[in-house]
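Take a look at the structure below.
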Amino acid sequence: MNYLEVFTAFFATFFFGIIFSLTGKKLIYSSFAGGLGWYTHLLFFKELSYSKTASFVISAVVITIFSEIIGRLEKTTVTSTLIPALIPLVPGGGIYYTMSFFVENRFSEAFDKGRETIFLTVALSVGIFLVSTFSQILDRTIKYTKVLKKYRKFKEYKRKHKI
């Protein structure tokens, strides 16, 4: 495993977080999440031989779970950690090479690179969507359970005191 790439992802996220005006703990958390996401990608893609798309989905899931946890613990928005942490995974090179191949009239290579870039982008979106949706369902279920418990206590109180 190439740990230099993980440190590079950490610092790329760190400096991008500065551009996003993050400070203090938020900046450190988002930088750690960026390094963690790239580490997860390398682990699943290079070490465990998953496809690139699958490794991107798993990396997005890991980053989003981490961001959801930090958002709850620090009582801050999830996106302040999530958006900078995704920067190392964004397939900017794929977009560049797709356009370069189109300009050079190498259409078959352009379509191949464009398809791969779209798959990676969709993979990131699916990973974020899965965790965010599950998190919202869990959060609303917990809130509903609390309200239901209060309602049942109130109903029992009314019955005992004949209100």
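Residue numbers start at 1 in each chain; chains themselves are named A, B, ... in the order of the structure tokens; ligands are numbered from 1 in the order shown.
By chain and then residue number, the residues within 10 Å of Gly127 (chain A) are Ala54, Phe56, Val57, Ile58, Ser59, Ala60, Val61, Val62, Ile63, Thr64, Ile65, Val122, Ala123, Leu124, Ser125, Phe129, Leu130, Val131 and Ser132 of chain A, counting only C-alpha atoms and disregarding those fewer than 2 positions away in sequence.
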### Query
Near Lys26 (chain A), counting only C-alpha atoms, which residues have an atom at most 7 Å away, once you skip same-chain residues fewer than 4 positions from it, shown as a ChimeraX atom specification?
/A:22,30,81
### Task
Tell me which protein, DNA and RNA residues are within 10 Å of Leu82 (chain A), counting only C-alpha atoms, leaving out same-chain ones fewer than 4 positions away, and put them as a list of chain:residue names.
A:Tyr29, A:Ser30, A:Ser31, A:Ala33, A:Gly34, A:Ala60, A:Ile63, A:Thr64, A:Ile65, A:Phe66, A:Ser67, A:Glu68, A:Ile70, A:Gly71, A:Thr77, A:Val78, A:Leu86, A:Ile87, A:Ile128
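Each of A:Pro91, A:Lys52, A:Pro84, A:Phe45 was compared to Ile18 (chain A) using only C-alpha atoms, and A:Pro84 turns out to be the nearest.
The smallest atom-to-atom distance between Val6 (chain A) and any of A:Lys46, A:Arg152, A:His41, A:Lys160, using only C-alpha atoms, is found for A:His41.
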### Given only C-alpha atoms as the counted atoms, nearest of A:Phe14, A:Gly114, A:Lys149, A:Phe44 to Ser100 (chain A)
A:Gly114
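Interatomic distance, CA of Thr98 (chain A) to CA of Trp38 (chain A): 22.7 Å.
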### Task
Would you list the contacts of Gly94 (chain A) as a list of chain:residue names, taking every protein, DNA or RNA residue within 10 Å and counting only C-alpha atoms, but skipping same-chain residues closer than 2 positions in sequence?
A:Val90, A:Pro91, A:Gly92, A:Tyr96, A:Tyr97, A:Thr98, A:Met99, A:Ser100, A:Ala110, A:Asp112, A:Lys113, A:Gly114, A:Arg115, A:Glu116, A:Thr117, A:Ile118, A:Leu120
